[in-house]
Amino acid sequence: MLIIKTHHDVPSKLDNGRPIRIFVISPVVPNYPQAKFPAVVCFSEIYQVTGPVERFAGQIASHGYIVACPSTYHEFEGPEPIAYDTEGTDRGNRYKIEKTVAAYDDDATLSVDLLISLPNCNGRIAATGMCLGGHLAFRAAFDPRVLSSVCFFATDIHSATLGKGKEDDSLERVRKGDMTGKGELVVKDTHVPRAGRNLIRTTLEDANIPCSFLEVQAQHAFIRDESSKGRWDAALTRSLFTFMMEVFERTVGRDLGPRIDKGEKVEHVC
């Protein structure tokens with residue numbers, strides 16, 4: 001599908017009153033001005049909405065989804081992308097632990113609110129993201145309006161070190177039952193040790209969360225097609241993009257009505 005790009009500056013709850021800029025990429029079907037589409041919140045790395053993130057989001061949009069990309073660090077600076085260099089990396093990592101977890105969650109809520117308010121959105125929402133954005137996509141699934149989440153090399157989930165004070169409650173909220181009825185794809189992050197990966201997987205399974213936990217032999221940031229420091233794997237990215245789109249198609253691509261869990265166990269037979 002054809003796509004168009006725009007942005008919205010949305011008021012936030014921050015004391016300094018700085019709004020959050022949410023970039024929106026939408027599919028367009030000529031001669032169908034009233035067409036409605038499902039939507040995806042796409043959370044970026046620590047560099048905000050860069051070229052690679054925008055292209056990734058554009059590919060999703062071209063498959064028939066409205067995609068919202070929030071500018072994660074609007075508390076600290078404008079919506080421009082942060083450079084993929086040493087200074088930019090240090091700045092992004094510093095902001096990551098200066099921003100509160102509540103502020104991250106507020107950004108996600110504002111992004112979903114915006115999508116639902118758009119006249120071309122049918123109200124069915126999913127989330128995805130990479131690196132920091134992978135963790136934010138994971139937390140976005142706590143919002144009952146977000147029906148599925150695909151997390152690429154999500155950082156800090158296992159260590160609970162997201163946000164100011166390096167103390168988040170992501171896995172604790174899973175244990176409390178705050179995440180139900182979701183479809184999760186968690187892609188291996190070489191930053192995360194085996195024990196950490198096992199912790200995430202076990203916590204999701206113990207909470208009976210529908211989960212596809214996929215580990216691949218790749219390096220952190222392997223889907224970044226620019227300044228990847230030799231880590232970009234285009235073929236693997238294409239395969240996992242297809243996997244992600246299957247999740248979205250199955251969970252938000254069509255209206256299945258409310259999910260009713262009958263408690264039936266799957267019989268494993270050959």
# chains A, B, ... in the order shown; residues from 1 in each chain; ligands from 1
$ residues_around --residues "Leu162 of chain A" --least-positions-apart "4" --cutoff "7 Å" --atoms "only C-alpha atoms" --output "PyMOL selection string"
chain A and resi 97+101+156+166-168
$ write_last_selection --atoms "N, CA, C and O atoms" --output "PDB file, in the first residue's frame"
ATOM      1  N   ILE A  97      17.924   6.431  31.844  1.00  0.00           N
ATOM      2  CA  ILE A  97      17.799   6.218  33.281  1.00  0.00           C
ATOM      3  C   ILE A  97      17.523   7.521  34.043  1.00  0.00           C
ATOM      4  O   ILE A  97      17.483   7.530  35.270  1.00  0.00           O
ATOM      5  N   VAL A 101       9.822   5.746  34.914  1.00  0.00           N
ATOM      6  CA  VAL A 101       9.015   4.688  34.302  1.00  0.00           C
ATOM      7  C   VAL A 101       7.591   5.194  34.065  1.00  0.00           C
ATOM      8  O   VAL A 101       6.968   4.881  33.046  1.00  0.00           O
ATOM      9  N   ASP A 156      16.828  -4.649  29.532  1.00  0.00           N
ATOM     10  CA  ASP A 156      16.567  -4.314  30.935  1.00  0.00           C
ATOM     11  C   ASP A 156      15.334  -4.967  31.545  1.00  0.00           C
ATOM     12  O   ASP A 156      15.016  -4.702  32.706  1.00  0.00           O
ATOM     13  N   LYS A 166      16.819   3.225  38.102  1.00  0.00           N
ATOM     14  CA  LYS A 166      17.103   1.900  37.528  1.00  0.00           C
ATOM     15  C   LYS A 166      16.321   0.831  38.284  1.00  0.00           C
ATOM     16  O   LYS A 166      16.849  -0.170  38.748  1.00  0.00           O
ATOM     17  N   GLU A 167      15.004   1.084  38.384  1.00  0.00           N
ATOM     18  CA  GLU A 167      14.145   0.159  39.112  1.00  0.00           C
ATOM     19  C   GLU A 167      12.757   0.168  38.469  1.00  0.00           C
ATOM     20  O   GLU A 167      11.969   1.095  38.685  1.00  0.00           O
ATOM     21  N   ASP A 168      12.452  -0.853  37.669  1.00  0.00           N
ATOM     22  CA  ASP A 168      11.124  -0.943  37.064  1.00  0.00           C
ATOM     23  C   ASP A 168      10.393  -2.175  37.590  1.00  0.00           C
ATOM     24  O   ASP A 168      10.980  -3.026  38.259  1.00  0.00           O
TER      25      ASP A 168
END
$ select_by_dssp --residues "segment 24-102 of chain A" --states "alpha helix (DSSP H)" --output "list of chain:residue names"
A:Gly51, A:Pro52, A:Val53, A:Glu54, A:Arg55, A:Phe56, A:Ala57, A:Gly58, A:Gln59, A:Ile60, A:Ala61, A:Ser62, A:Thr86, A:Glu87, A:Gly88, A:Thr89, A:Asp90, A:Arg91, A:Gly92, A:Asn93, A:Arg94, A:Tyr95, A:Lys96, A:Ile97, A:Glu98, A:Val101, A:Ala102
$ write_last_selection --atoms "N, CA, C and O atoms" --output "tab-separated table (two decimals), in the first residue's frame"
chain	number	residue	atom	x	y	z
A	51	GLY	N	16.24	7.31	10.95
A	51	GLY	CA	15.92	6.78	9.63
A	51	GLY	C	15.57	5.29	9.65
A	51	GLY	O	14.54	4.88	9.08
A	52	PRO	N	16.38	4.44	10.28
A	52	PRO	CA	16.04	3.02	10.34
A	52	PRO	C	14.71	2.74	11.01
A	52	PRO	O	13.94	1.87	10.56
A	53	VAL	N	14.38	3.47	12.08
A	53	VAL	CA	13.10	3.27	12.76
A	53	VAL	C	11.96	3.70	11.86
A	53	VAL	O	10.93	3.02	11.75
A	54	GLU	N	12.11	4.84	11.19
A	54	GLU	CA	11.07	5.32	10.29
A	54	GLU	C	10.85	4.35	9.13
A	54	GLU	O	9.70	4.09	8.75
A	55	ARG	N	11.92	3.79	8.59
A	55	ARG	CA	11.76	2.83	7.48
A	55	ARG	C	11.09	1.55	7.96
A	55	ARG	O	10.25	0.97	7.27
A	56	PHE	N	11.46	1.11	9.14
A	56	PHE	CA	10.83	-0.08	9.74
A	56	PHE	C	9.33	0.16	9.91
A	56	PHE	O	8.50	-0.67	9.55
A	57	ALA	N	8.98	1.33	10.47
A	57	ALA	CA	7.58	1.68	10.67
A	57	ALA	C	6.86	1.81	9.34
A	57	ALA	O	5.68	1.41	9.21
A	58	GLY	N	7.53	2.37	8.34
A	58	GLY	CA	6.92	2.53	7.04
A	58	GLY	C	6.57	1.20	6.39
A	58	GLY	O	5.53	1.06	5.71
A	59	GLN	N	7.41	0.20	6.61
A	59	GLN	CA	7.11	-1.12	6.07
A	59	GLN	C	5.87	-1.71	6.72
A	59	GLN	O	5.04	-2.35	6.06
A	60	ILE	N	5.74	-1.52	8.02
A	60	ILE	CA	4.54	-1.99	8.72
A	60	ILE	C	3.31	-1.28	8.15
A	60	ILE	O	2.29	-1.90	7.85
A	61	ALA	N	3.41	0.04	8.00
A	61	ALA	CA	2.29	0.82	7.50
A	61	ALA	C	1.87	0.37	6.10
A	61	ALA	O	0.67	0.32	5.79
A	62	SER	N	2.83	0.03	5.28
A	62	SER	CA	2.52	-0.38	3.91
A	62	SER	C	1.77	-1.70	3.85
A	62	SER	O	1.19	-2.05	2.83
A	86	THR	N	29.33	8.04	19.42
A	86	THR	CA	29.63	7.84	20.83
A	86	THR	C	28.89	8.83	21.71
A	86	THR	O	28.28	8.45	22.73
A	87	GLU	N	28.89	10.10	21.31
A	87	GLU	CA	28.21	11.11	22.10
A	87	GLU	C	26.71	10.86	22.14
A	87	GLU	O	26.06	10.96	23.19
A	88	GLY	N	26.14	10.49	20.98
A	88	GLY	CA	24.72	10.21	20.92
A	88	GLY	C	24.34	8.99	21.75
A	88	GLY	O	23.30	8.98	22.43
A	89	THR	N	25.18	7.97	21.70
A	89	THR	CA	24.92	6.76	22.48
A	89	THR	C	24.97	7.07	23.98
A	89	THR	O	24.10	6.63	24.75
A	90	ASP	N	25.97	7.83	24.38
A	90	ASP	CA	26.08	8.19	25.80
A	90	ASP	C	24.88	9.03	26.24
A	90	ASP	O	24.35	8.83	27.35
A	91	ARG	N	24.46	9.96	25.38
A	91	ARG	CA	23.33	10.82	25.72
A	91	ARG	C	22.03	10.00	25.83
A	91	ARG	O	21.27	10.16	26.79
A	92	GLY	N	21.82	9.13	24.87
A	92	GLY	CA	20.62	8.30	24.89
A	92	GLY	C	20.57	7.38	26.11
A	92	GLY	O	19.52	7.20	26.73
A	93	ASN	N	21.71	6.80	26.45
A	93	ASN	CA	21.76	5.92	27.62
A	93	ASN	C	21.57	6.71	28.92
A	93	ASN	O	21.00	6.19	29.89
A	94	ARG	N	22.04	7.96	28.93
A	94	ARG	CA	21.85	8.79	30.12
A	94	ARG	C	20.38	9.15	30.29
A	94	ARG	O	19.82	9.04	31.40
A	95	TYR	N	19.74	9.55	29.19
A	95	TYR	CA	18.32	9.87	29.26
A	95	TYR	C	17.50	8.66	29.70
A	95	TYR	O	16.50	8.80	30.41
A	96	LYS	N	17.92	7.48	29.27
A	96	LYS	CA	17.15	6.26	29.54
A	96	LYS	C	16.94	6.05	31.03
A	96	LYS	O	15.88	5.54	31.45
A	97	ILE	N	17.92	6.43	31.84
A	97	ILE	CA	17.80	6.22	33.28
A	97	ILE	C	17.52	7.52	34.04
A	97	ILE	O	17.48	7.53	35.27
A	98	GLU	N	17.33	8.63	33.30
A	98	GLU	CA	16.87	9.86	33.92
A	98	GLU	C	15.36	10.00	33.82
A	98	GLU	O	14.72	10.65	34.65
A	101	VAL	N	9.82	5.75	34.91
A	101	VAL	CA	9.01	4.69	34.30
A	101	VAL	C	7.59	5.19	34.06
A	101	VAL	O	6.97	4.88	33.05
A	102	ALA	N	7.09	6.01	34.99
A	102	ALA	CA	5.74	6.56	34.82
A	102	ALA	C	5.65	7.43	33.57
A	102	ALA	O	4.63	7.43	32.87
$ closest_residue --among "A:Tyr65, A:Phe138, A:Phe241, A:Tyr32" --to "Cys211 of chain A" --atoms "only C-alpha atoms"
A:Phe138
$ closest_residue --among "A:Ile82, A:Gln34, A:Thr180, A:Arg194" --to "Ile260 of chain A" --atoms "only C-alpha atoms"
A:Thr180
$ atom_distance --atom1 "atom CA of Gly64 of chain A" --atom2 "atom CA of Asn122 of chain A"
11.6 Å
$ closest_residue --among "A:Met179, A:Cys42, A:Ala235, A:Ala103" --to "Ala141 of chain A" --atoms "only C-alpha atoms"
A:Met179
$ atom_distance --atom1 "atom CA of Ser117 of chain A" --atom2 "atom CA of Phe37 of chain A"
12.4 Å
$ residues_around --residues "Arg197 of chain A" --least-positions-apart "3" --cutoff "12 Å" --atoms "only C-alpha atoms" --output "list in words"
Phe153, Ala154, Thr155, Asp156, Ile157, His158, Ser159, Val186, Val187, Lys188, Asp189, Thr190, His191, Val192, Pro193, Arg194, Ile200, Arg201, Thr202, Thr203, Leu204, Phe213, Leu214 and Glu215 of chain A
$ closest_residue --among "A:Ile46, A:Leu147, A:Tyr104, A:Ser170" --to "Leu256 of chain A" --atoms "only C-alpha atoms"
A:Leu147
$ select_by_dssp --residues "segment 70-201 of chain A" --states "strand (DSSP E or B)" --output "list in words"
Pro70, Cys121, Asn122, Gly123, Arg124, Ile125, Ala126, Ala127, Thr128, Gly129, Met130, Val146, Leu147, Ser148, Ser149, Val150, Cys151, Phe152, Glu184, Leu185, Val186 and Val187 of chain A
$ residues_around --residues "Asn16 of chain A" --least-positions-apart "6" --cutoff "12 Å" --atoms "only C-alpha atoms" --output "PyMOL selection string"
chain A and resi 74-77
$ atom_distance --atom1 "atom CA of Ala39 of chain A" --atom2 "atom CA of Gly257 of chain A"
16.6 Å
$ closest_residue --among "A:Ile3, A:Glu205, A:Asp233, A:Thr72" --to "Gln217 of chain A" --atoms "only C-alpha atoms"
A:Asp233
